[in-house]
Amino acid sequence: MTLHLTDLNQASEADAQAMLSGIYEHSDWIAKEALSQRPFISLVALKFAMTEVISKSSQEQKLTLLRAHPELAGKAMINNALTSESKNEQTQSGLTHCSEEEFALIHKLNAEYKERFGWPFILAVRGPRGTGLTRKQIIATFERRVRGTTQFELEECLRQVNRIAEIRINDKFNYTPTLGNELWDWHEALAAHSDPGFKENDQLTVTYLTQAHIACARDIKQLMNNSGFDSVHIDAVGNVVGRYLGRNSDSNGMFLMTGSHYDTVRNGGKYDGRLGIFTPIMCVRELSRSGTRLKHGIEVIAFAEEEGQRYPATFLGSAALLGGFNPDWLTQSDNDGITMLDAMKSANLDISGIASIKRDPKQYIGFVEVHIEQGPVLNELGMPLGVVSSINGSSRYLVEITGTPAHAGTTPMDRRHDALCSASELALFMEKRASSEEHCVATIGQMQVPNGSINVIPGKVKFSLDIRAPLNGQKDRLVQDILEQLENICNKRGVRYSIQETLRVSAAPSHPDWQGYWETAVTALGLKVHTMPSGAGHDAMKIHEILPQAMLFVRGENSGISHNALESTTSDDMQLCVEAFMNLILSSCV
Ligand code: HGY
Ligand code: MN
Ligand code: MN
């Protein structure tokens, strides 16, 4: 029997409790307490009210809740003693059809996990798409998490319990996150394109103007054409640009600009950037299907290059819109010695058209970007969406330290000019210095000893610096301290260095109006608003230089990990993201 929210809001206490029975395994006390928050304006408001009951409960109540759950493929399943909900979940994910080896491995993991933590391993086996994880994915997650810390596993199991409850609520109310499911599938389809050397290992890497990158542009262009855009083109740097006209866009109508990037880091996640492309495409499709024309048009841009992986020219795609494409970038070479100019020619991009990419800010009302959070905040708060208050400023450098290569066996430790130890001393200073101020970060993501030998003291080392902070002054002081220390270390160790700045982008506070549009859009869903800084850089911080902007964050699974294949988000959260974006469009573009 399908439930309706109005029935739940109007039912007696006893009937309402009966309606929500079984949402949390053998723990109906949670729904009972949450019902005091009635009336719920949305399913997500009901879901969040129940997660708050748990987060406010005692440690003992939390442990009792976890211990009320069955093991995966455990005794309860074998003895057919699972609740109907758990039986459905374990069946859908194929746990009832384990091979001998799988069964033995899960049995061993169950014993080890229970021994370590004192409650069963809990995983929402219906997964982020709601259709079920594979046994291989379940076992891989189990093997990864059995090595976790007690506190993390307690919190992660509670998050999994809440995800299980979310899916059970969807089933009870016969609710399907239809647009979220489709959006989730769009990401899967685009992730089929990956660069050589990564695709074979089932890893996602799409760097600027590779064949995989060109295929992504083609697919995004096709999707825009199929979604009702009035015009779609690929510009001279590879951005895919779709325009959906407003009622008077044919004259000098204004547009809302939105978008994100489709390139990825090496072995990255499927949602970084792409979520900010697919969400507005889906919104335009829904507007087009309903024949809705707003006062202002919508311009969706899939930026071609944000990550700076193949070439250090980070934010190339969005920079071109500001007229900031640096011609020197064309001479940059990738690891195979291919220049950016050659790569552009191979991709049939006409560099003479780059200047015309520059936008006239007067034609736009503003810029918004949706992005997966890429951090743990929303995941730990149990909140699907967050509104960005500011994007941290960022500086990047490539550094080369040159010392004296010498015999590793005969050169006394006090006579060395070791390039690698010099860089390592800087790394430890940098880690300590950045840790001394909240929200400051500093990272060496790449370090090579070119032509190094096991028995030669490193004479040369090349490494990257990525330095960020919420405020420009804070970042500048952090950069200055690190670069001064580089100088001191090299003088002390008798080595020399060269340094090239590859990125300097200022902190980008959200424009109050656009931050307000997002806050209103999220509130209208029945969600609480959480505003937060962005530690990650985004195209929005470049467009910030010419337009008022603000961003919406979507919760990541797996502690919000990103720039990692474990990056994940649910189709339920994607649904909410589409609904929030539609709310923003309908309040800002009318
Ligand atoms: O590095 C960043 O912050 C972004 O993901 N490019
Ligand atoms: Mn990224
Ligand atoms: Mn990104």
# chains A, B, ... in the order shown; residues from 1 in each chain; ligands from 1
$ residues_near_ligand --ligand "ligand 3" --cutoff "6 Å" --atoms "only C-alpha atoms and all ligand atoms" --output "VMD selection string"
chain A and resid 272 to 273 538
$ residues_around --residues "segment 349-352 of chain A" --least-positions-apart "4" --cutoff "10 Å" --atoms "only C-alpha atoms" --output "list in words"
Leu209, Ile234, Asp235, Ala236, Val237, Gly238, Pro327, Leu330, Leu341, Asp342, Ala343, Met344, Lys345 and Ser356 of chain A
$ write_last_selection --atoms "all heavy atoms" --output "mmCIF file, in the first residue's frame"
data_model
loop_
_atom_site.group_PDB
_atom_site.id
_atom_site.type_symbol
_atom_site.label_atom_id
_atom_site.label_comp_id
_atom_site.auth_asym_id
_atom_site.auth_seq_id
_atom_site.Cartn_x
_atom_site.Cartn_y
_atom_site.Cartn_z
ATOM 1 N N LEU A 209 42.062 17.467 -24.532
ATOM 2 C CA LEU A 209 42.161 17.221 -25.980
ATOM 3 C C LEU A 209 42.711 15.838 -26.342
ATOM 4 O O LEU A 209 43.149 15.625 -27.470
ATOM 5 C CB LEU A 209 42.986 18.330 -26.660
ATOM 6 C CG LEU A 209 42.368 19.737 -26.550
ATOM 7 C CD1 LEU A 209 43.235 20.741 -27.298
ATOM 8 C CD2 LEU A 209 40.926 19.758 -27.046
ATOM 9 N N ILE A 234 30.936 23.903 -30.113
ATOM 10 C CA ILE A 234 32.200 23.692 -29.405
ATOM 11 C C ILE A 234 33.105 24.852 -29.795
ATOM 12 O O ILE A 234 33.338 25.081 -30.989
ATOM 13 C CB ILE A 234 32.839 22.340 -29.778
ATOM 14 C CG1 ILE A 234 31.925 21.183 -29.318
ATOM 15 C CG2 ILE A 234 34.227 22.211 -29.146
ATOM 16 C CD1 ILE A 234 32.422 19.797 -29.711
ATOM 17 N N ASP A 235 33.582 25.593 -28.814
ATOM 18 C CA ASP A 235 34.332 26.811 -29.146
ATOM 19 C C ASP A 235 35.817 26.497 -29.398
ATOM 20 O O ASP A 235 36.236 25.333 -29.384
ATOM 21 C CB ASP A 235 34.133 27.892 -28.073
ATOM 22 C CG ASP A 235 34.831 27.576 -26.743
ATOM 23 O OD1 ASP A 235 35.736 26.708 -26.737
ATOM 24 O OD2 ASP A 235 34.468 28.189 -25.724
ATOM 25 N N ALA A 236 36.600 27.517 -29.612
ATOM 26 C CA ALA A 236 37.975 27.337 -30.111
ATOM 27 C C ALA A 236 38.932 26.732 -29.078
ATOM 28 O O ALA A 236 40.046 26.350 -29.421
ATOM 29 C CB ALA A 236 38.527 28.680 -30.575
ATOM 30 N N VAL A 237 38.511 26.630 -27.819
ATOM 31 C CA VAL A 237 39.395 25.947 -26.860
ATOM 32 C C VAL A 237 38.786 24.611 -26.408
ATOM 33 O O VAL A 237 39.344 23.929 -25.556
ATOM 34 C CB VAL A 237 39.696 26.828 -25.611
ATOM 35 C CG1 VAL A 237 40.464 28.070 -26.002
ATOM 36 C CG2 VAL A 237 38.437 27.147 -24.827
ATOM 37 N N GLY A 238 37.617 24.272 -26.967
ATOM 38 C CA GLY A 238 37.008 22.983 -26.649
ATOM 39 C C GLY A 238 35.872 23.053 -25.660
ATOM 40 O O GLY A 238 35.307 22.029 -25.279
ATOM 41 N N PRO A 327 48.577 33.181 -24.703
ATOM 42 C CA PRO A 327 49.171 32.513 -25.883
ATOM 43 C C PRO A 327 50.403 31.671 -25.540
ATOM 44 O O PRO A 327 50.699 30.692 -26.210
ATOM 45 C CB PRO A 327 49.544 33.682 -26.791
ATOM 46 C CG PRO A 327 48.761 34.861 -26.315
ATOM 47 C CD PRO A 327 48.499 34.640 -24.865
ATOM 48 N N LEU A 330 50.224 27.892 -25.442
ATOM 49 C CA LEU A 330 50.256 27.064 -26.662
ATOM 50 C C LEU A 330 51.581 26.331 -26.813
ATOM 51 O O LEU A 330 51.658 25.292 -27.454
ATOM 52 C CB LEU A 330 50.001 27.945 -27.900
ATOM 53 C CG LEU A 330 48.609 28.577 -27.993
ATOM 54 C CD1 LEU A 330 48.573 29.623 -29.121
ATOM 55 C CD2 LEU A 330 47.544 27.489 -28.224
ATOM 56 N N LEU A 341 49.486 23.594 -28.796
ATOM 57 C CA LEU A 341 49.100 24.013 -30.154
ATOM 58 C C LEU A 341 48.883 22.785 -31.040
ATOM 59 O O LEU A 341 47.863 22.686 -31.728
ATOM 60 C CB LEU A 341 50.178 24.917 -30.756
ATOM 61 C CG LEU A 341 49.935 25.407 -32.180
ATOM 62 C CD1 LEU A 341 48.632 26.203 -32.266
ATOM 63 C CD2 LEU A 341 51.116 26.270 -32.663
ATOM 64 N N ASP A 342 49.809 21.841 -30.978
ATOM 65 C CA ASP A 342 49.647 20.620 -31.782
ATOM 66 C C ASP A 342 48.393 19.861 -31.365
ATOM 67 O O ASP A 342 47.640 19.353 -32.206
ATOM 68 C CB ASP A 342 50.870 19.710 -31.615
ATOM 69 C CG ASP A 342 52.103 20.290 -32.295
ATOM 70 O OD1 ASP A 342 51.913 21.195 -33.144
ATOM 71 O OD2 ASP A 342 53.221 19.882 -31.950
ATOM 72 N N ALA A 343 48.171 19.792 -30.076
ATOM 73 C CA ALA A 343 46.980 19.073 -29.599
ATOM 74 C C ALA A 343 45.707 19.751 -30.094
ATOM 75 O O ALA A 343 44.747 19.089 -30.496
ATOM 76 C CB ALA A 343 46.977 19.033 -28.066
ATOM 77 N N MET A 344 45.713 21.076 -30.123
ATOM 78 C CA MET A 344 44.534 21.817 -30.598
ATOM 79 C C MET A 344 44.329 21.578 -32.091
ATOM 80 O O MET A 344 43.205 21.360 -32.551
ATOM 81 C CB MET A 344 44.688 23.308 -30.295
ATOM 82 C CG MET A 344 44.530 23.638 -28.826
ATOM 83 S SD MET A 344 44.826 25.396 -28.512
ATOM 84 C CE MET A 344 43.471 25.738 -27.411
ATOM 85 N N LYS A 345 45.423 21.567 -32.825
ATOM 86 C CA LYS A 345 45.307 21.321 -34.275
ATOM 87 C C LYS A 345 44.771 19.918 -34.518
ATOM 88 O O LYS A 345 43.852 19.717 -35.323
ATOM 89 C CB LYS A 345 46.667 21.483 -34.952
ATOM 90 C CG LYS A 345 47.106 22.938 -35.112
ATOM 91 C CD LYS A 345 48.483 23.037 -35.727
ATOM 92 C CE LYS A 345 48.934 24.506 -35.903
ATOM 93 N NZ LYS A 345 50.381 24.574 -36.247
ATOM 94 N N SER A 356 37.461 35.452 -29.769
ATOM 95 C CA SER A 356 36.001 35.709 -29.813
ATOM 96 C C SER A 356 35.230 34.978 -28.724
ATOM 97 O O SER A 356 34.019 35.165 -28.579
ATOM 98 C CB SER A 356 35.457 35.275 -31.190
ATOM 99 O OG SER A 356 35.610 33.856 -31.303
#
$ residues_around --residues "Gly74 of chain A" --least-positions-apart "4" --cutoff "10 Å" --atoms "only C-alpha atoms" --output "PyMOL selection string"
chain A and resi 70+78-80+82+95-96+103+106-107+110-111+120
$ atom_distance --atom1 "atom CA of Ser84 of chain A" --atom2 "atom CA of Arg168 of chain A"
11.0 Å
$ residues_near_ligand --ligand "ligand 1" --cutoff "7 Å" --atoms "only C-alpha atoms and all ligand atoms" --output "list in words"
Glu306, Glu307, Gly535, Ala536, Gly537 and His538 of chain A
$ closest_residue --among "A:Pro405, A:Pro470, A:Gly118, A:Gly130" --to "Ser93 of chain A" --atoms "only C-alpha atoms"
A:Gly130
$ residues_near_ligand --ligand "ligand 2" --cutoff "12 Å" --atoms "only C-alpha atoms and all ligand atoms" --output "PyMOL selection string"
chain A and resi 205-207+260-276+305-309+314-315+371-375+534-539+561-564+567
$ write_last_selection --atoms "C-alpha atoms" --output "compact mmCIF listing (two decimals), in the first residue's frame"
# COMPACT_ATOMS: atom_id res chain seq x y z
CA THR A 205 41.23 10.01 -16.68
CA VAL A 206 40.18 12.58 -19.27
CA THR A 207 42.87 15.15 -19.94
CA SER A 260 31.57 23.33 -14.87
CA HIS A 261 34.41 21.27 -16.36
CA TYR A 262 34.45 17.86 -18.07
CA ASP A 263 38.16 17.14 -17.83
CA THR A 264 39.31 15.06 -14.85
CA VAL A 265 42.40 14.41 -12.75
CA ARG A 266 44.22 11.11 -13.26
CA ASN A 267 42.18 8.20 -11.85
CA GLY A 268 39.56 10.68 -10.75
CA GLY A 269 35.88 10.51 -9.90
CA LYS A 270 32.89 10.57 -12.24
CA TYR A 271 31.17 13.60 -10.73
CA ASP A 272 33.88 16.27 -10.25
CA GLY A 273 32.86 18.96 -12.78
CA ARG A 274 30.42 16.84 -14.71
CA LEU A 275 27.64 17.20 -12.12
CA GLY A 276 27.74 20.95 -12.79
CA GLU A 305 40.15 22.33 -19.08
CA GLU A 306 40.08 23.07 -15.34
CA GLU A 307 42.35 20.52 -13.71
CA GLY A 308 45.67 21.43 -15.36
CA GLN A 309 46.73 17.79 -15.78
CA THR A 314 44.62 25.41 -15.17
CA PHE A 315 41.16 26.99 -15.68
CA HIS A 371 29.70 20.85 -7.83
CA ILE A 372 30.19 17.78 -5.70
CA GLU A 373 31.62 19.02 -2.37
CA GLN A 374 34.86 17.03 -2.63
CA GLY A 375 35.14 17.01 1.16
CA SER A 534 35.10 25.70 -0.72
CA GLY A 535 38.59 24.29 -0.22
CA ALA A 536 38.57 23.18 -3.85
CA GLY A 537 39.02 25.56 -6.75
CA HIS A 538 36.28 25.86 -9.36
CA ASP A 539 35.56 27.59 -12.64
CA ILE A 561 36.45 11.73 -1.03
CA SER A 562 37.33 13.20 -4.44
CA HIS A 563 40.15 13.16 -6.98
CA ASN A 564 39.78 9.46 -6.26
CA GLU A 567 34.13 9.61 -5.38
$ residues_around --residues "segment 519-530 of chain A" --least-positions-apart "5" --cutoff "7 Å" --atoms "only C-alpha atoms" --output "PyMOL selection string"
chain A and resi 41-42+44-45+386-387+580+583-584
$ residues_around --residues "Leu381 of chain A" --least-positions-apart "2" --cutoff "12 Å" --atoms "only C-alpha atoms" --output "PDB file with N, CA and C atoms, in the first residue's frame"
ATOM      1  N   PHE A  48      15.452  13.701   6.909  1.00  0.00           N
ATOM      2  CA  PHE A  48      16.448  14.424   7.697  1.00  0.00           C
ATOM      3  C   PHE A  48      16.045  14.484   9.170  1.00  0.00           C
ATOM      4  N   THR A  51      17.223  11.368  10.706  1.00  0.00           N
ATOM      5  CA  THR A  51      18.681  11.306  10.920  1.00  0.00           C
ATOM      6  C   THR A  51      19.071  12.171  12.127  1.00  0.00           C
ATOM      7  N   GLU A  52      18.343  13.273  12.330  1.00  0.00           N
ATOM      8  CA  GLU A  52      18.669  14.144  13.480  1.00  0.00           C
ATOM      9  C   GLU A  52      18.344  13.469  14.796  1.00  0.00           C
ATOM     10  N   ILE A  54      18.695  10.360  15.399  1.00  0.00           N
ATOM     11  CA  ILE A  54      19.833   9.457  15.649  1.00  0.00           C
ATOM     12  C   ILE A  54      21.055  10.251  16.092  1.00  0.00           C
ATOM     13  N   SER A  55      21.347  11.356  15.388  1.00  0.00           N
ATOM     14  CA  SER A  55      22.583  12.087  15.729  1.00  0.00           C
ATOM     15  C   SER A  55      22.492  12.668  17.142  1.00  0.00           C
ATOM     16  N   LYS A  56      21.263  12.925  17.611  1.00  0.00           N
ATOM     17  CA  LYS A  56      21.109  13.470  18.973  1.00  0.00           C
ATOM     18  C   LYS A  56      20.974  12.376  20.031  1.00  0.00           C
ATOM     19  N   GLU A 155      30.490   5.998  12.874  1.00  0.00           N
ATOM     20  CA  GLU A 155      29.828   7.078  12.122  1.00  0.00           C
ATOM     21  C   GLU A 155      29.418   6.617  10.719  1.00  0.00           C
ATOM     22  N   GLU A 156      30.296   5.837  10.088  1.00  0.00           N
ATOM     23  CA  GLU A 156      29.971   5.392   8.715  1.00  0.00           C
ATOM     24  C   GLU A 156      28.808   4.401   8.744  1.00  0.00           C
ATOM     25  N   LEU A 158      26.372   4.419  10.807  1.00  0.00           N
ATOM     26  CA  LEU A 158      25.148   5.221  11.023  1.00  0.00           C
ATOM     27  C   LEU A 158      24.738   5.892   9.703  1.00  0.00           C
ATOM     28  N   ARG A 159      25.737   6.351   8.927  1.00  0.00           N
ATOM     29  CA  ARG A 159      25.395   6.937   7.626  1.00  0.00           C
ATOM     30  C   ARG A 159      24.782   5.893   6.706  1.00  0.00           C
ATOM     31  N   ASN A 162      21.236   5.287   7.698  1.00  0.00           N
ATOM     32  CA  ASN A 162      20.363   6.361   7.193  1.00  0.00           C
ATOM     33  C   ASN A 162      20.107   6.228   5.700  1.00  0.00           C
ATOM     34  N   GLY A 375      34.647  17.012  -0.212  1.00  0.00           N
ATOM     35  CA  GLY A 375      35.139  17.006   1.161  1.00  0.00           C
ATOM     36  C   GLY A 375      34.112  16.354   2.071  1.00  0.00           C
ATOM     37  N   PRO A 376      34.433  16.217   3.386  1.00  0.00           N
ATOM     38  CA  PRO A 376      33.611  15.400   4.303  1.00  0.00           C
ATOM     39  C   PRO A 376      32.476  16.148   5.002  1.00  0.00           C
ATOM     40  N   VAL A 377      32.334  17.466   4.780  1.00  0.00           N
ATOM     41  CA  VAL A 377      31.459  18.248   5.663  1.00  0.00           C
ATOM     42  C   VAL A 377      30.001  17.803   5.566  1.00  0.00           C
ATOM     43  N   LEU A 378      29.446  17.809   4.338  1.00  0.00           N
ATOM     44  CA  LEU A 378      28.022  17.449   4.186  1.00  0.00           C
ATOM     45  C   LEU A 378      27.799  15.984   4.526  1.00  0.00           C
ATOM     46  N   ASN A 379      28.758  15.146   4.180  1.00  0.00           N
ATOM     47  CA  ASN A 379      28.657  13.706   4.487  1.00  0.00           C
ATOM     48  C   ASN A 379      28.552  13.500   5.986  1.00  0.00           C
ATOM     49  N   MET A 383      23.818  16.037   5.375  1.00  0.00           N
ATOM     50  CA  MET A 383      23.007  17.005   4.604  1.00  0.00           C
ATOM     51  C   MET A 383      23.276  16.825   3.111  1.00  0.00           C
ATOM     52  N   PRO A 384      22.218  16.722   2.297  1.00  0.00           N
ATOM     53  CA  PRO A 384      22.420  16.467   0.869  1.00  0.00           C
ATOM     54  C   PRO A 384      23.035  17.635   0.116  1.00  0.00           C
ATOM     55  N   LEU A 385      22.704  18.869   0.530  1.00  0.00           N
ATOM     56  CA  LEU A 385      23.157  20.048  -0.222  1.00  0.00           C
ATOM     57  C   LEU A 385      23.788  21.074   0.715  1.00  0.00           C
ATOM     58  N   GLY A 386      24.700  21.859   0.158  1.00  0.00           N
ATOM     59  CA  GLY A 386      25.311  22.948   0.928  1.00  0.00           C
ATOM     60  C   GLY A 386      25.475  24.156   0.017  1.00  0.00           C
ATOM     61  N   LYS A 528      17.401  22.072   5.636  1.00  0.00           N
ATOM     62  CA  LYS A 528      18.089  23.158   6.333  1.00  0.00           C
ATOM     63  C   LYS A 528      19.235  23.636   5.435  1.00  0.00           C
ATOM     64  N   VAL A 529      19.600  24.908   5.580  1.00  0.00           N
ATOM     65  CA  VAL A 529      20.678  25.456   4.749  1.00  0.00           C
ATOM     66  C   VAL A 529      21.984  25.402   5.536  1.00  0.00           C
ATOM     67  N   HIS A 530      23.014  24.833   4.908  1.00  0.00           N
ATOM     68  CA  HIS A 530      24.360  24.874   5.501  1.00  0.00           C
ATOM     69  C   HIS A 530      25.266  25.620   4.532  1.00  0.00           C
ATOM     70  N   THR A 531      25.822  26.748   4.977  1.00  0.00           N
ATOM     71  CA  THR A 531      26.755  27.464   4.096  1.00  0.00           C
ATOM     72  C   THR A 531      28.186  27.148   4.533  1.00  0.00           C
ATOM     73  N   MET A 532      29.083  27.095   3.573  1.00  0.00           N
ATOM     74  CA  MET A 532      30.451  26.634   3.870  1.00  0.00           C
ATOM     75  C   MET A 532      31.438  27.140   2.826  1.00  0.00           C
ATOM     76  N   ARG A 555      26.445  16.627  -1.560  1.00  0.00           N
ATOM     77  CA  ARG A 555      27.152  15.709  -0.651  1.00  0.00           C
ATOM     78  C   ARG A 555      27.856  14.595  -1.421  1.00  0.00           C
ATOM     79  N   GLY A 556      29.040  14.261  -0.956  1.00  0.00           N
ATOM     80  CA  GLY A 556      29.744  13.097  -1.508  1.00  0.00           C
ATOM     81  C   GLY A 556      29.645  11.927  -0.524  1.00  0.00           C
ATOM     82  N   GLU A 557      29.584  10.729  -1.042  1.00  0.00           N
ATOM     83  CA  GLU A 557      29.637   9.511  -0.212  1.00  0.00           C
ATOM     84  C   GLU A 557      31.091   9.216   0.125  1.00  0.00           C
ATOM     85  N   SER A 559      32.892   9.615   2.799  1.00  0.00           N
ATOM     86  CA  SER A 559      33.534  10.783   3.449  1.00  0.00           C
ATOM     87  C   SER A 559      33.793  11.916   2.473  1.00  0.00           C
ATOM     88  N   GLY A 560      33.061  11.923   1.378  1.00  0.00           N
ATOM     89  CA  GLY A 560      33.193  13.023   0.415  1.00  0.00           C
ATOM     90  C   GLY A 560      34.505  12.994  -0.352  1.00  0.00           C
TER      91      GLY A 560
END
$ residues_around --residues "Asp476 of chain A" --least-positions-apart "4" --cutoff "12 Å" --atoms "only C-alpha atoms" --output "NGL selection string"
:A and (393-396 or 440 or 467-472 or 480-483 or 504-507)
$ write_last_selection --atoms "all heavy atoms" --output "short mmCIF file (atom, residue, chain, number, x, y, z; two decimals), in the first residue's frame"
data_model
loop_
_atom_site.label_atom_id
_atom_site.label_comp_id
_atom_site.auth_asym_id
_atom_site.auth_seq_id
_atom_site.Cartn_x
_atom_site.Cartn_y
_atom_site.Cartn_z
N GLY A 393 41.32 30.97 -2.13
CA GLY A 393 42.31 31.40 -3.12
C GLY A 393 43.40 30.34 -3.25
O GLY A 393 43.60 29.54 -2.35
N SER A 394 44.08 30.36 -4.39
CA SER A 394 44.98 29.24 -4.68
C SER A 394 46.20 29.73 -5.45
O SER A 394 46.09 30.59 -6.34
CB SER A 394 44.18 28.24 -5.54
OG SER A 394 44.94 27.13 -5.88
N SER A 395 47.40 29.21 -5.07
CA SER A 395 48.63 29.47 -5.84
C SER A 395 49.31 28.15 -6.12
O SER A 395 49.34 27.27 -5.25
CB SER A 395 49.59 30.36 -5.05
OG SER A 395 49.12 31.69 -5.03
N ARG A 396 49.82 28.00 -7.34
CA ARG A 396 50.51 26.76 -7.69
C ARG A 396 51.87 27.09 -8.32
O ARG A 396 52.01 28.09 -9.02
CB ARG A 396 49.69 25.95 -8.70
CG ARG A 396 48.41 25.38 -8.15
CD ARG A 396 47.70 24.51 -9.16
NE ARG A 396 46.37 24.14 -8.66
CZ ARG A 396 45.49 23.46 -9.39
NH1 ARG A 396 45.80 23.07 -10.63
NH2 ARG A 396 44.31 23.14 -8.90
N CYS A 440 43.77 26.57 6.02
CA CYS A 440 44.92 26.70 5.11
C CYS A 440 45.37 25.30 4.70
O CYS A 440 45.33 24.38 5.52
CB CYS A 440 46.08 27.39 5.80
SG CYS A 440 45.86 29.15 5.94
N ILE A 467 49.05 25.73 -2.91
CA ILE A 467 48.92 26.43 -1.63
C ILE A 467 47.59 27.20 -1.64
O ILE A 467 47.32 27.95 -2.60
CB ILE A 467 50.09 27.41 -1.43
CG1 ILE A 467 51.43 26.66 -1.52
CG2 ILE A 467 49.97 28.16 -0.11
CD1 ILE A 467 52.64 27.57 -1.67
N ARG A 468 46.75 27.02 -0.60
CA ARG A 468 45.43 27.65 -0.63
C ARG A 468 45.03 28.17 0.75
O ARG A 468 45.46 27.64 1.78
CB ARG A 468 44.35 26.64 -1.05
CG ARG A 468 44.75 25.81 -2.25
CD ARG A 468 43.61 25.00 -2.76
NE ARG A 468 44.09 23.99 -3.70
CZ ARG A 468 43.29 23.39 -4.58
NH1 ARG A 468 42.00 23.68 -4.59
NH2 ARG A 468 43.77 22.49 -5.41
N ALA A 469 44.15 29.21 0.73
CA ALA A 469 43.61 29.75 1.98
C ALA A 469 42.33 30.51 1.67
O ALA A 469 42.12 30.96 0.53
CB ALA A 469 44.63 30.68 2.63
N PRO A 470 41.44 30.65 2.67
CA PRO A 470 40.15 31.33 2.42
C PRO A 470 40.29 32.81 2.06
O PRO A 470 39.51 33.33 1.29
CB PRO A 470 39.40 31.18 3.75
CG PRO A 470 40.05 30.05 4.46
CD PRO A 470 41.48 30.06 4.01
N LEU A 471 41.32 33.48 2.60
CA LEU A 471 41.47 34.92 2.36
C LEU A 471 42.77 35.19 1.61
O LEU A 471 43.78 34.51 1.84
CB LEU A 471 41.46 35.68 3.70
CG LEU A 471 40.22 35.42 4.59
CD1 LEU A 471 40.41 36.03 5.97
CD2 LEU A 471 38.96 35.98 3.91
N ASN A 472 42.75 36.20 0.77
CA ASN A 472 43.93 36.47 -0.06
C ASN A 472 45.17 36.80 0.78
O ASN A 472 46.25 36.25 0.54
CB ASN A 472 43.63 37.60 -1.05
CG ASN A 472 42.60 37.14 -2.09
OD1 ASN A 472 42.64 35.99 -2.54
ND2 ASN A 472 41.65 38.00 -2.42
N GLN A 480 54.42 33.23 1.04
CA GLN A 480 55.70 33.91 1.33
C GLN A 480 56.54 33.09 2.31
O GLN A 480 57.74 32.87 2.09
CB GLN A 480 55.40 35.30 1.94
CG GLN A 480 56.66 36.12 2.18
CD GLN A 480 56.33 37.47 2.81
OE1 GLN A 480 55.15 37.87 2.85
NE2 GLN A 480 57.32 38.18 3.28
N ASP A 481 55.90 32.58 3.35
CA ASP A 481 56.65 31.78 4.34
C ASP A 481 57.26 30.53 3.70
O ASP A 481 58.41 30.16 3.98
CB ASP A 481 55.72 31.36 5.50
CG ASP A 481 55.35 32.54 6.38
OD1 ASP A 481 55.92 33.64 6.15
OD2 ASP A 481 54.46 32.40 7.24
N ILE A 482 56.50 29.89 2.84
CA ILE A 482 56.99 28.65 2.22
C ILE A 482 58.13 28.95 1.25
O ILE A 482 59.18 28.28 1.25
CB ILE A 482 55.83 27.91 1.53
CG1 ILE A 482 54.85 27.36 2.58
CG2 ILE A 482 56.34 26.79 0.62
CD1 ILE A 482 53.55 26.82 2.02
N LEU A 483 57.99 30.01 0.47
CA LEU A 483 59.05 30.32 -0.51
C LEU A 483 60.31 30.84 0.19
O LEU A 483 61.44 30.55 -0.23
CB LEU A 483 58.53 31.33 -1.54
CG LEU A 483 57.34 30.88 -2.40
CD1 LEU A 483 57.10 31.84 -3.55
CD2 LEU A 483 57.53 29.46 -2.91
N ARG A 504 47.73 31.60 -10.11
CA ARG A 504 47.45 32.46 -8.95
C ARG A 504 46.00 32.93 -9.13
O ARG A 504 45.70 33.65 -10.06
CB ARG A 504 48.37 33.67 -8.90
CG ARG A 504 48.10 34.54 -7.66
CD ARG A 504 48.84 35.85 -7.71
NE ARG A 504 50.25 35.66 -7.98
CZ ARG A 504 51.12 36.68 -8.06
NH1 ARG A 504 50.70 37.92 -7.87
NH2 ARG A 504 52.38 36.47 -8.32
N VAL A 505 45.13 32.44 -8.26
CA VAL A 505 43.73 32.85 -8.39
C VAL A 505 43.23 33.28 -7.02
O VAL A 505 43.47 32.63 -6.01
CB VAL A 505 42.89 31.72 -9.03
CG1 VAL A 505 42.95 30.44 -8.26
CG2 VAL A 505 41.47 32.16 -9.28
N SER A 506 42.60 34.44 -7.01
CA SER A 506 42.17 35.03 -5.73
C SER A 506 40.99 34.28 -5.14
O SER A 506 40.23 33.62 -5.85
CB SER A 506 41.76 36.49 -5.96
OG SER A 506 42.89 37.21 -6.41
N ALA A 507 40.84 34.45 -3.85
CA ALA A 507 39.65 33.91 -3.17
C ALA A 507 38.42 34.57 -3.80
O ALA A 507 38.48 35.71 -4.25
CB ALA A 507 39.73 34.23 -1.69
#
$ closest_residue --among "A:Arg145, A:Arg416, A:Arg163, A:Arg433" --to "Pro458 of chain A" --atoms "only C-alpha atoms"
A:Arg416
$ closest_residue --among "A:Asp418, A:Glu182, A:Asp7, A:Glu102" --to "Cys490 of chain A" --atoms "only C-alpha atoms"
A:Asp418
$ residues_around --residues "Ala215 of chain A" --least-positions-apart "5" --cutoff "10 Å" --atoms "only C-alpha atoms" --output "list in words"
Leu190, Ala192, His193, Ser194, Val206, Leu209, Thr210, Ile220 and Lys221 of chain A
$ closest_residue --among "A:Arg310, A:Ile357, A:Ala406, A:Ile585" --to "Gly452 of chain A" --atoms "only C-alpha atoms"
A:Ala406
$ closest_residue --among "A:Leu256, A:Val590, A:Ala347, A:Ala313" --to "Ala217 of chain A" --atoms "only C-alpha atoms"
A:Ala347
$ select_by_dssp --residues "segment 158-371 of chain A" --states "strand (DSSP E or B)" --output "ChimeraX atom specification"
/A:231-234,240-244,255-261,297-303,333,339,364-371
